[in-house]
Structures are given as structure tokens and as C-alpha cells.
2 protein chains.
Amino acid sequence: MGEINKEALFKLGYGVYLVSSLKAGGKLNAQVSNVVFQVTSEPVKLAICINKSNLTYDYIKNSGYFGVSVLSEAVPMTFIGTFGFKSGRDIEKFKDVNFIVADSGTPLITDYAVGIMELKVVGEMDSGSHTLFVWELLSSQVISEATAMSYAYYHEVKKGKSPKSAPTYVS
Amino acid sequence: MGEINKEALFKLGYGVYLVSSLKAGGKLNAQVSNVVFQVTSEPVKLAICINKSNLTYDYIKNSGYFGVSVLSEAVPMTFIGTFGFKSGRDIEKFKDVNFIVADSGTPLITDYAVGIMELKVVGEMDSGSHTLFVWELLSSQVISEATAMSYAYYHEVKKGKSPKSAPTYVS
């Protein structure tokens with residue numbers, strides 16, 4: 001031991017998600033994330049990890065709410081490309097997608113989603129380039145019985161890549 | 001919306017891990033966890049979520065170090081049973097397993113592991129029943145090219161269950 005083999009990090013398991021939020025004035029944005037997970041069961045609390053330089057970070061800080069859509073294996077790579085590799089500062093990501101608006105006003109994208117969740121931020125922890133937000137689940141729905149996509153499937157079957165802003169980027 | 005369907009939580013993706021630690025005096029313990037994930041890439045920081053009532057929680061608080069072994073799909077359910085459904089307060093979990101001792105003294109179990117990591121706690125966030133520890137990676141190794149087990153595979157193929165102390169337990 002004593003050395004770091006970053007290949008070992010690729011063995012960790014994740015899903016693939018859209019994280020969506022809104023800003024005062026009704027502007028909407030969403031991004032891809034693989035770091036969404038449950039931290040307690042009673043009450044249900046979850047956490048996500050968002051890069052501070054991302055527009056979604058600003059929107060979450062602004063509204064205190066956000067949505068998560070769990071993506072299925074059927075999601076096209078062009079869809080991932082729009083939400084994962086382009087910034088809402090440059091394009092209007094909600095132009096051609098189907099979504100519902102939850103009670104908090106948070107947009108929840110239903111395209112290629114197997115489940116959606118509406119969430120409220122209840123805590124955060126600074127983690128350098130990223131912030132770990134802890135949130136409470138306000139509402140959730142199952143959208144489809146299709147298989148949720150694992151991060152391993154995204155890499156190995158879809159041949160997907162990770163942007164440099166991802167918490168799990170390994171050069 | 002407005003209602004919580006807990007089935008949606010089952011769509012979130014995780015791996016399956018052993019989290020091991022030691023206590024002053026050389027006592028060793030390990031438990032199963034599914035909530036281990038990377039939070040930043042430079043420097044590499046990761047997080048785990050541990051139930052405060054678990055013995056491993058005491059050991060991590062005591063030593064400030066712990067190990068993670070990423071389990072493969074080949075792991076027998078008896079092995080999961082020992083580490084995931086029994087307490088180190090009642091049995092000696094390290095009696096019949098192979099492990100290496102990292103520079104910090106932390107035991108890293110190699111049986112059924114595809115990768116192992118030695119970690120140092122650098123932060124923590126209270127989350128009610130659980131604590132979210134943030135840690136820095138000290139060393140890591142790939143042990144095998146076998147497929148790392150996803151939490152979905154554990155439930156659907158291995159027919160595994162989650163103990164009530166798990167962050168993702170859903171009644």
C-alpha cells in the first residue's frame with residue numbers, strides 16, 4: 001500500500017441523474033449528476049454533490065429546492081450531451097423536454113426518467129470544488145419500470161465520459 | 001405530486017462495500033455499507049454514511065481512519081450475513097478473512113474485493129441517525145477485474161435485504 005491507484009475509484013457504484021432547479025423569475029436549468037444518495041431512512045434524507053462553478057449550483061442556492069430524475073438505460077447520448085456537457089448559461093435546456101412542475105415550483109423532467117423526486121435543501125457541507133447538499137424529500141413518483149442506469153453501464157455500454165467538473169472525474 | 005412514493009428511492013444507484021476500522025488496542029471491525037461515493041476529484045475526497053449505533057462508527061471516531069473494500073458480484077450471502085447483519089460486539093468478524101494492514105494500521109479486507117482503499121477522516125456532518133464522514137484517500141489498490149456488485153444486483157439477483165440500520169432502509 002502507500003500508493004494511490006485511481007483505477008480503484010472506478011469500482012465505486014453510482015446511478016445517473018438529472019438535477020433540476022429554478023431561479024427567481026422562473027428560469028429553469030438542469031444538469032447530469034451521478035452523486036445522489038440516501039443518507040438516513042427516518043426521516044428520509046438524501047444528499048447530492050454539485051460543482052460550485054455549475055449554473056445549477058447558483059439556482060439551488062437561490063431557490064433552496066431542486067428536483068432529481070433517475071435516468072433509465074434507454075436515455076440517448078444526445079440527451080446526456082445537452083444536460084451533462086453544455087451549460088445553461090449558453091443554451092436553453094428546457095426547450096424540448098417534458099417536465100412537470102412540483103408544488104415548490106421545481107421542474108421535474110420526465111423524459112427517460114424511471115423516478116422523480118422533489119427536494120428541499122436542509123443542510124450543506126463545503127467540500128472544496130463541490131458542495132454536498134443534504135435535503136429532505138418532499139414528494140416522489142415512479143415514472144417507469146425501465147431499468148435505472150448505473151454509472152458502470154453508462155461508461156461500459158453507452159461509452160459515456162465524465163466532464164472535468166464531475167466529482168468523480170479521474171484524469 | 002405532493003406525495004412521497006418510497007419506491008422511487010429504490011431507483012437510486014449504489015455499490016456494496018465493506019467498511020473496516022480499528023480501535024486503540026488493535027481491535028478490528030468491519031460492516032457492510034452501500035453509501036460510499038466520491039465528492040471531489042482534486043484532491044480526491046470521498047464520503048461514507050455510517051449509522052451512529054454501529055460499532056464501526058465508534059472505531060472510526062476513535063482512530064480517524066478506515067478502509068473500504070469494494071465487493072464483487074461473487075461474494076457469498078453468508079459473507080454478507082457476517083459483516084452486514086451481525087455486530088462486532090457479538091462476534092469476531094476478522095477470524096476467518098484475509099486482509100492486509102495499511103500504513104495507518106487500518107485493516108483492508110481482500111476477500112471478494114475488486115478494489116481496496118485506505119482513508120483518513122477529514123470532516124463530518126451530522127445527519128440524525130447517521131453521520132456523513134468526508135475523507136481523503138491515502139492509498140488504493142485494484143484487487144481483481146471481477147465485476148463490482150451494484151446495490152440493484154444485490155437486491156434483484158442475490159435477493160439480498162437491507163438491515164434497519166442502513167441509510168437506505170425503506171420499510
# chains A, B, ... in the order shown; residues from 1 in each chain; ligands from 1
$ select_by_dssp --residues "segment 43-154 of chain B" --states "strand (DSSP E or B)" --output "PyMOL selection string"
chain B and resi 45-51+65-72+99-101+107-109+113-127+130-142+148+150
$ write_last_selection --atoms "N, CA and C atoms" --output "short mmCIF file (atom, residue, chain, number, x, y, z; two decimals), in the first residue's frame"
data_model
loop_
_atom_site.label_atom_id
_atom_site.label_comp_id
_atom_site.auth_asym_id
_atom_site.auth_seq_id
_atom_site.Cartn_x
_atom_site.Cartn_y
_atom_site.Cartn_z
N LYS B 45 -11.59 13.36 -2.71
CA LYS B 45 -12.26 13.22 -1.41
C LYS B 45 -13.48 12.34 -1.62
N LEU B 46 -13.79 11.56 -0.63
CA LEU B 46 -14.93 10.67 -0.71
C LEU B 46 -15.76 10.84 0.55
N ALA B 47 -16.92 10.23 0.58
CA ALA B 47 -17.77 10.30 1.77
C ALA B 47 -18.39 8.93 2.03
N ILE B 48 -18.66 8.65 3.27
CA ILE B 48 -19.47 7.49 3.63
C ILE B 48 -20.47 7.92 4.67
N CYS B 49 -21.48 7.11 4.81
CA CYS B 49 -22.57 7.40 5.72
C CYS B 49 -22.67 6.20 6.67
N ILE B 50 -22.45 6.44 7.97
CA ILE B 50 -22.42 5.34 8.94
C ILE B 50 -23.43 5.59 10.05
N ASN B 51 -24.17 4.55 10.40
CA ASN B 51 -25.15 4.64 11.49
C ASN B 51 -24.41 4.80 12.83
N TYR B 65 -9.35 6.72 10.99
CA TYR B 65 -9.02 6.05 9.73
C TYR B 65 -10.02 4.93 9.47
N PHE B 66 -10.17 4.61 8.21
CA PHE B 66 -10.92 3.39 7.91
C PHE B 66 -10.58 2.91 6.51
N GLY B 67 -11.04 1.71 6.23
CA GLY B 67 -10.78 1.11 4.93
C GLY B 67 -12.09 0.80 4.23
N VAL B 68 -12.03 0.78 2.89
CA VAL B 68 -13.18 0.37 2.10
C VAL B 68 -12.75 -0.75 1.17
N SER B 69 -13.53 -1.81 1.13
CA SER B 69 -13.33 -2.89 0.15
C SER B 69 -14.56 -2.91 -0.74
N VAL B 70 -14.36 -2.75 -2.05
CA VAL B 70 -15.48 -2.78 -2.99
C VAL B 70 -15.76 -4.25 -3.30
N LEU B 71 -16.97 -4.72 -3.01
CA LEU B 71 -17.27 -6.15 -3.15
C LEU B 71 -17.68 -6.52 -4.57
N SER B 72 -17.32 -7.73 -4.96
CA SER B 72 -17.67 -8.23 -6.29
C SER B 72 -19.00 -8.98 -6.25
N PHE B 99 -6.91 -10.24 5.02
CA PHE B 99 -6.84 -8.78 4.95
C PHE B 99 -5.39 -8.34 5.01
N ILE B 100 -5.13 -7.14 4.54
CA ILE B 100 -3.80 -6.56 4.68
C ILE B 100 -3.93 -5.37 5.63
N VAL B 101 -2.81 -5.02 6.25
CA VAL B 101 -2.82 -3.89 7.18
C VAL B 101 -2.10 -2.72 6.51
N PRO B 107 -7.17 -2.16 8.79
CA PRO B 107 -7.28 -3.45 8.09
C PRO B 107 -8.10 -3.29 6.80
N LEU B 108 -7.63 -3.86 5.70
CA LEU B 108 -8.35 -3.81 4.43
C LEU B 108 -8.62 -5.23 3.98
N ILE B 109 -9.88 -5.62 3.98
CA ILE B 109 -10.27 -6.99 3.66
C ILE B 109 -10.17 -7.23 2.15
N ALA B 113 -13.00 -8.80 -2.81
CA ALA B 113 -12.84 -7.37 -3.10
C ALA B 113 -12.32 -7.18 -4.52
N VAL B 114 -12.85 -6.18 -5.22
CA VAL B 114 -12.28 -5.81 -6.53
C VAL B 114 -11.34 -4.61 -6.36
N GLY B 115 -11.52 -3.85 -5.31
CA GLY B 115 -10.63 -2.73 -5.03
C GLY B 115 -10.65 -2.44 -3.55
N ILE B 116 -9.52 -1.91 -3.03
CA ILE B 116 -9.47 -1.54 -1.61
C ILE B 116 -8.90 -0.12 -1.48
N MET B 117 -9.32 0.58 -0.44
CA MET B 117 -8.88 1.96 -0.21
C MET B 117 -8.62 2.19 1.27
N GLU B 118 -7.56 2.95 1.53
CA GLU B 118 -7.23 3.35 2.90
C GLU B 118 -7.55 4.84 3.02
N LEU B 119 -8.26 5.22 4.06
CA LEU B 119 -8.82 6.57 4.11
C LEU B 119 -8.63 7.22 5.46
N LYS B 120 -8.56 8.54 5.43
CA LYS B 120 -8.41 9.33 6.65
C LYS B 120 -9.58 10.30 6.74
N VAL B 121 -10.25 10.33 7.88
CA VAL B 121 -11.40 11.23 8.05
C VAL B 121 -10.90 12.68 8.08
N VAL B 122 -11.51 13.56 7.27
CA VAL B 122 -11.14 14.98 7.28
C VAL B 122 -12.33 15.89 7.58
N GLY B 123 -13.51 15.33 7.71
CA GLY B 123 -14.67 16.15 8.02
C GLY B 123 -15.86 15.26 8.31
N GLU B 124 -16.87 15.80 8.94
CA GLU B 124 -18.08 15.02 9.17
C GLU B 124 -19.28 15.94 9.27
N MET B 125 -20.43 15.41 8.94
CA MET B 125 -21.68 16.17 9.03
C MET B 125 -22.72 15.29 9.70
N ASP B 126 -23.30 15.81 10.76
CA ASP B 126 -24.33 15.07 11.46
C ASP B 126 -25.58 15.00 10.60
N SER B 127 -26.18 13.81 10.55
CA SER B 127 -27.36 13.67 9.73
C SER B 127 -28.42 12.83 10.46
N HIS B 130 -27.51 8.96 11.23
CA HIS B 130 -26.24 8.65 10.59
C HIS B 130 -25.31 9.86 10.60
N THR B 131 -24.02 9.59 10.48
CA THR B 131 -23.04 10.65 10.25
C THR B 131 -22.43 10.44 8.87
N LEU B 132 -22.29 11.53 8.15
CA LEU B 132 -21.65 11.51 6.86
C LEU B 132 -20.20 11.92 7.08
N PHE B 133 -19.27 10.97 6.91
CA PHE B 133 -17.85 11.28 7.06
C PHE B 133 -17.26 11.63 5.69
N VAL B 134 -16.48 12.69 5.66
CA VAL B 134 -15.73 13.01 4.44
C VAL B 134 -14.27 12.65 4.69
N TRP B 135 -13.65 12.03 3.70
CA TRP B 135 -12.31 11.50 3.92
C TRP B 135 -11.42 11.71 2.71
N GLU B 136 -10.13 11.69 3.00
CA GLU B 136 -9.13 11.75 1.96
C GLU B 136 -8.58 10.36 1.71
N LEU B 137 -8.31 10.11 0.44
CA LEU B 137 -7.76 8.81 0.05
C LEU B 137 -6.26 8.80 0.32
N LEU B 138 -5.80 7.85 1.13
CA LEU B 138 -4.36 7.74 1.42
C LEU B 138 -3.69 6.76 0.46
N SER B 139 -4.35 5.65 0.18
CA SER B 139 -3.80 4.66 -0.74
C SER B 139 -4.93 3.81 -1.28
N SER B 140 -4.71 3.22 -2.43
CA SER B 140 -5.75 2.37 -3.03
C SER B 140 -5.12 1.36 -3.97
N GLN B 141 -5.78 0.24 -4.14
CA GLN B 141 -5.31 -0.85 -5.00
C GLN B 141 -6.48 -1.49 -5.71
N VAL B 142 -6.24 -1.93 -6.94
CA VAL B 142 -7.20 -2.79 -7.62
C VAL B 142 -6.82 -4.23 -7.26
N ALA B 148 -17.73 -5.31 -10.05
CA ALA B 148 -18.16 -4.78 -8.76
C ALA B 148 -19.68 -4.94 -8.65
N SER B 150 -23.43 -4.06 -7.85
CA SER B 150 -24.30 -2.90 -7.63
C SER B 150 -25.34 -3.28 -6.58
#
$ calpha_fit_and_write --fixed "chain B" --moving "chain A" --output "short mmCIF file (atom, residue, chain, number, x, y, z; two decimals) with C-alpha atoms, in the first residue's frame"
data_model
loop_
_atom_site.label_atom_id
_atom_site.label_comp_id
_atom_site.auth_asym_id
_atom_site.auth_seq_id
_atom_site.Cartn_x
_atom_site.Cartn_y
_atom_site.Cartn_z
CA MET A 1 -47.06 15.40 -6.87
CA GLY A 2 -47.26 16.32 -3.18
CA GLU A 3 -46.95 12.68 -2.08
CA ILE A 4 -43.95 10.52 -1.35
CA ASN A 5 -43.72 7.17 -3.13
CA LYS A 6 -40.79 5.48 -1.43
CA GLU A 7 -40.48 3.07 -4.37
CA ALA A 8 -38.80 5.96 -6.20
CA LEU A 9 -35.93 5.76 -3.69
CA PHE A 10 -35.18 2.21 -4.83
CA LYS A 11 -34.20 3.64 -8.23
CA LEU A 12 -31.08 5.32 -6.81
CA GLY A 13 -27.81 3.56 -7.63
CA TYR A 14 -25.14 2.34 -5.22
CA GLY A 15 -22.38 -0.23 -4.88
CA VAL A 16 -21.85 -2.65 -1.99
CA TYR A 17 -18.82 -2.24 0.29
CA LEU A 18 -17.10 -3.40 3.44
CA VAL A 19 -16.10 -0.53 5.69
CA SER A 20 -13.38 -1.57 8.14
CA SER A 21 -11.71 0.17 11.04
CA LEU A 22 -9.61 -0.41 14.12
CA LYS A 23 -9.67 0.71 17.71
CA ALA A 24 -6.81 1.52 20.11
CA GLY A 25 -5.57 -1.85 21.35
CA GLY A 26 -5.75 -3.40 17.92
CA LYS A 27 -9.40 -4.48 17.88
CA LEU A 28 -10.74 -4.75 14.33
CA ASN A 29 -14.25 -4.47 12.94
CA ALA A 30 -16.00 -4.15 9.60
CA GLN A 31 -19.53 -3.70 8.32
CA VAL A 32 -21.36 -3.65 5.00
CA SER A 33 -22.33 -0.27 3.56
CA ASN A 34 -23.82 0.84 0.27
CA VAL A 35 -23.24 4.57 0.75
CA VAL A 36 -19.66 5.25 -0.30
CA PHE A 37 -19.04 7.85 -3.01
CA GLN A 38 -16.59 10.36 -4.38
CA VAL A 39 -17.30 14.06 -3.73
CA THR A 40 -14.35 15.88 -5.33
CA SER A 41 -11.69 14.92 -7.83
CA GLU A 42 -8.83 17.31 -6.97
CA PRO A 43 -7.90 16.40 -4.31
CA VAL A 44 -9.73 13.09 -4.24
CA LYS A 45 -12.26 13.21 -1.41
CA LEU A 46 -14.94 10.67 -0.71
CA ALA A 47 -17.77 10.30 1.78
CA ILE A 48 -19.47 7.49 3.63
CA CYS A 49 -22.56 7.40 5.74
CA ILE A 50 -22.41 5.34 8.95
CA ASN A 51 -25.14 4.64 11.50
CA LYS A 52 -24.17 6.07 14.88
CA SER A 53 -25.31 2.93 16.70
CA ASN A 54 -22.88 0.71 14.74
CA LEU A 55 -19.59 -0.46 16.29
CA THR A 56 -17.71 0.69 13.18
CA TYR A 57 -18.90 4.23 13.95
CA ASP A 58 -17.13 4.06 17.35
CA TYR A 59 -13.97 2.68 15.77
CA ILE A 60 -13.85 5.36 13.05
CA LYS A 61 -14.38 8.11 15.63
CA ASN A 62 -11.64 6.53 17.72
CA SER A 63 -8.98 6.02 15.06
CA GLY A 64 -9.83 8.62 12.42
CA TYR A 65 -9.00 6.04 9.73
CA PHE A 66 -10.91 3.39 7.91
CA GLY A 67 -10.78 1.09 4.92
CA VAL A 68 -13.19 0.37 2.09
CA SER A 69 -13.33 -2.89 0.14
CA VAL A 70 -15.48 -2.78 -3.00
CA LEU A 71 -17.27 -6.16 -3.15
CA SER A 72 -17.66 -8.23 -6.29
CA GLU A 73 -20.81 -9.97 -7.55
CA ALA A 74 -19.19 -13.26 -6.49
CA VAL A 75 -19.50 -12.53 -2.76
CA PRO A 76 -21.48 -15.27 -0.94
CA MET A 77 -24.52 -14.23 1.04
CA THR A 78 -23.04 -15.89 4.14
CA PHE A 79 -20.17 -13.38 3.92
CA ILE A 80 -22.68 -10.51 3.65
CA GLY A 81 -24.56 -12.04 6.57
CA THR A 82 -21.50 -11.97 8.83
CA PHE A 83 -20.49 -8.41 8.03
CA GLY A 84 -23.89 -6.85 7.33
CA PHE A 85 -26.29 -8.46 9.75
CA LYS A 86 -24.16 -9.25 12.81
CA SER A 87 -22.43 -6.88 15.21
CA GLY A 88 -18.75 -6.93 16.06
CA ARG A 89 -19.95 -6.57 19.67
CA ASP A 90 -21.18 -10.19 19.46
CA ILE A 91 -18.75 -11.93 17.08
CA GLU A 92 -15.14 -11.65 15.96
CA LYS A 93 -15.60 -10.72 12.29
CA PHE A 94 -11.92 -10.93 11.33
CA LYS A 95 -11.45 -14.55 12.45
CA ASP A 96 -11.60 -16.23 9.02
CA VAL A 97 -10.93 -13.47 6.49
CA ASN A 98 -7.88 -12.39 4.52
CA PHE A 99 -6.82 -8.79 4.94
CA ILE A 100 -3.80 -6.56 4.68
CA VAL A 101 -2.82 -3.90 7.18
CA ALA A 102 -2.25 -0.46 5.65
CA ASP A 103 0.37 2.06 6.85
CA SER A 104 -2.17 3.67 9.21
CA GLY A 105 -2.85 0.28 10.81
CA THR A 106 -6.26 0.09 9.12
CA PRO A 107 -7.28 -3.45 8.07
CA LEU A 108 -8.34 -3.80 4.43
CA ILE A 109 -10.27 -6.99 3.64
CA THR A 110 -9.26 -8.56 0.33
CA ASP A 111 -11.74 -11.49 0.19
CA TYR A 112 -14.25 -10.88 -2.64
CA ALA A 113 -12.84 -7.36 -3.10
CA VAL A 114 -12.27 -5.80 -6.53
CA GLY A 115 -10.63 -2.72 -5.03
CA ILE A 116 -9.46 -1.53 -1.60
CA MET A 117 -8.87 1.97 -0.21
CA GLU A 118 -7.22 3.35 2.91
CA LEU A 119 -8.81 6.57 4.12
CA LYS A 120 -8.41 9.32 6.66
CA VAL A 121 -11.40 11.24 8.05
CA VAL A 122 -11.14 14.99 7.28
CA GLY A 123 -14.68 16.15 8.05
CA GLU A 124 -18.08 15.02 9.17
CA MET A 125 -21.69 16.16 9.03
CA ASP A 126 -24.35 15.06 11.47
CA SER A 127 -27.38 13.66 9.72
CA GLY A 128 -29.61 12.40 12.55
CA SER A 129 -29.35 8.62 12.82
CA HIS A 130 -26.25 8.65 10.60
CA THR A 131 -23.06 10.65 10.27
CA LEU A 132 -21.65 11.52 6.88
CA PHE A 133 -17.86 11.29 7.07
CA VAL A 134 -15.72 13.02 4.44
CA TRP A 135 -12.33 11.51 3.93
CA GLU A 136 -9.14 11.76 1.95
CA LEU A 137 -7.75 8.82 0.05
CA LEU A 138 -4.36 7.74 1.41
CA SER A 139 -3.79 4.65 -0.73
CA SER A 140 -5.75 2.36 -3.03
CA GLN A 141 -5.30 -0.84 -4.99
CA VAL A 142 -7.19 -2.79 -7.63
CA ILE A 143 -7.54 -6.38 -6.38
CA SER A 144 -9.46 -8.04 -9.20
CA GLU A 145 -11.07 -7.34 -12.57
CA ALA A 146 -14.28 -9.10 -11.45
CA THR A 147 -17.48 -7.04 -11.72
CA ALA A 148 -18.17 -4.78 -8.76
CA MET A 149 -21.59 -5.52 -7.30
CA SER A 150 -24.31 -2.90 -7.64
CA TYR A 151 -26.93 -2.49 -4.95
CA ALA A 152 -29.56 -3.33 -7.59
CA TYR A 153 -27.75 -6.64 -8.35
CA TYR A 154 -27.59 -7.37 -4.63
CA HIS A 155 -31.36 -6.96 -4.33
CA GLU A 156 -32.53 -8.37 -7.65
CA VAL A 157 -30.10 -11.22 -8.36
CA LYS A 158 -28.73 -12.12 -4.91
CA LYS A 159 -32.13 -11.42 -3.27
CA GLY A 160 -30.34 -9.51 -0.53
CA LYS A 161 -32.08 -7.39 2.09
CA SER A 162 -31.14 -4.20 3.93
CA PRO A 163 -30.86 -4.03 7.73
CA LYS A 164 -32.91 -1.41 9.57
CA SER A 165 -29.72 0.48 10.39
CA ALA A 166 -28.97 1.12 6.70
CA PRO A 167 -29.29 4.70 5.43
CA THR A 168 -31.37 3.35 2.55
CA TYR A 169 -33.71 1.11 4.60
CA VAL A 170 -37.30 1.54 3.44
CA SER A 171 -39.99 -0.15 5.52
#
$ select_by_dssp --residues "segment 14-65 of chain B" --states "alpha helix (DSSP H)" --output "list in words"
Leu55, Thr56, Tyr57, Asp58, Tyr59, Ile60, Lys61, Asn62 and Ser63 of chain B
$ decode --residues "segment 31-97 of chain A" --atoms "C-alpha atoms" --output "CSV table (one decimal), in the first residue's frame"
chain,number,residue,atom,x,y,z
A,31,GLN,CA,-27.5,19.1,-15.2
A,32,VAL,CA,-26.4,15.5,-15.1
A,33,SER,CA,-25.0,14.1,-11.8
A,34,ASN,CA,-24.0,10.7,-10.6
A,35,VAL,CA,-23.7,11.6,-6.9
A,36,VAL,CA,-27.2,11.4,-5.5
A,37,PHE,CA,-27.7,9.1,-2.5
A,38,GLN,CA,-29.8,8.5,0.6
A,39,VAL,CA,-28.2,9.2,4.0
A,40,THR,CA,-31.0,8.5,6.5
A,41,SER,CA,-34.2,6.5,6.4
A,42,GLU,CA,-36.3,8.1,9.2
A,43,PRO,CA,-36.8,10.9,8.1
A,44,VAL,CA,-35.8,10.3,4.5
A,45,LYS,CA,-32.8,12.5,3.8
A,46,LEU,CA,-30.6,12.4,0.8
A,47,ALA,CA,-27.5,14.2,-0.4
A,48,ILE,CA,-26.1,15.4,-3.7
A,49,CYS,CA,-22.8,16.8,-4.7
A,50,ILE,CA,-22.7,19.8,-7.0
A,51,ASN,CA,-19.8,21.7,-8.5
A,52,LYS,CA,-19.8,25.3,-7.4
A,53,SER,CA,-19.0,26.6,-10.9
A,54,ASN,CA,-22.2,25.0,-12.3
A,55,LEU,CA,-25.3,27.1,-13.0
A,56,THR,CA,-27.4,24.6,-11.2
A,57,TYR,CA,-25.4,25.3,-8.0
A,58,ASP,CA,-26.5,29.0,-8.3
A,59,TYR,CA,-30.1,28.0,-8.8
A,60,ILE,CA,-30.2,25.6,-5.9
A,61,LYS,CA,-28.6,28.2,-3.6
A,62,ASN,CA,-31.1,30.7,-4.9
A,63,SER,CA,-34.3,28.7,-4.5
A,64,GLY,CA,-33.5,26.1,-1.8
A,65,TYR,CA,-35.3,23.5,-3.9
A,66,PHE,CA,-34.4,21.1,-6.6
A,67,GLY,CA,-35.6,18.0,-8.5
A,68,VAL,CA,-33.9,14.7,-9.3
A,69,SER,CA,-34.9,12.5,-12.2
A,70,VAL,CA,-33.4,9.0,-12.2
A,71,LEU,CA,-32.4,8.2,-15.8
A,72,SER,CA,-33.1,4.9,-17.5
A,73,GLU,CA,-30.7,2.9,-19.6
A,74,ALA,CA,-32.7,4.0,-22.7
A,75,VAL,CA,-31.5,7.6,-22.5
A,76,PRO,CA,-29.9,8.7,-25.7
A,77,MET,CA,-26.4,10.1,-25.5
A,78,THR,CA,-27.5,13.3,-27.2
A,79,PHE,CA,-29.8,13.9,-24.2
A,80,ILE,CA,-26.8,13.3,-21.9
A,81,GLY,CA,-24.8,15.6,-24.1
A,82,THR,CA,-27.3,18.5,-23.7
A,83,PHE,CA,-27.7,18.2,-19.9
A,84,GLY,CA,-24.2,16.9,-19.0
A,85,PHE,CA,-21.8,18.7,-21.3
A,86,LYS,CA,-23.4,22.0,-22.0
A,87,SER,CA,-24.1,24.9,-19.7
A,88,GLY,CA,-27.5,26.5,-19.1
A,89,ARG,CA,-25.6,29.8,-19.5
A,90,ASP,CA,-25.2,29.1,-23.2
A,91,ILE,CA,-28.4,27.1,-24.1
A,92,GLU,CA,-32.0,26.8,-23.0
A,93,LYS,CA,-32.0,23.2,-21.8
A,94,PHE,CA,-35.8,23.0,-21.2
A,95,LYS,CA,-36.8,23.9,-24.7
A,96,ASP,CA,-37.7,20.4,-26.0
A,97,VAL,CA,-38.2,18.3,-22.9
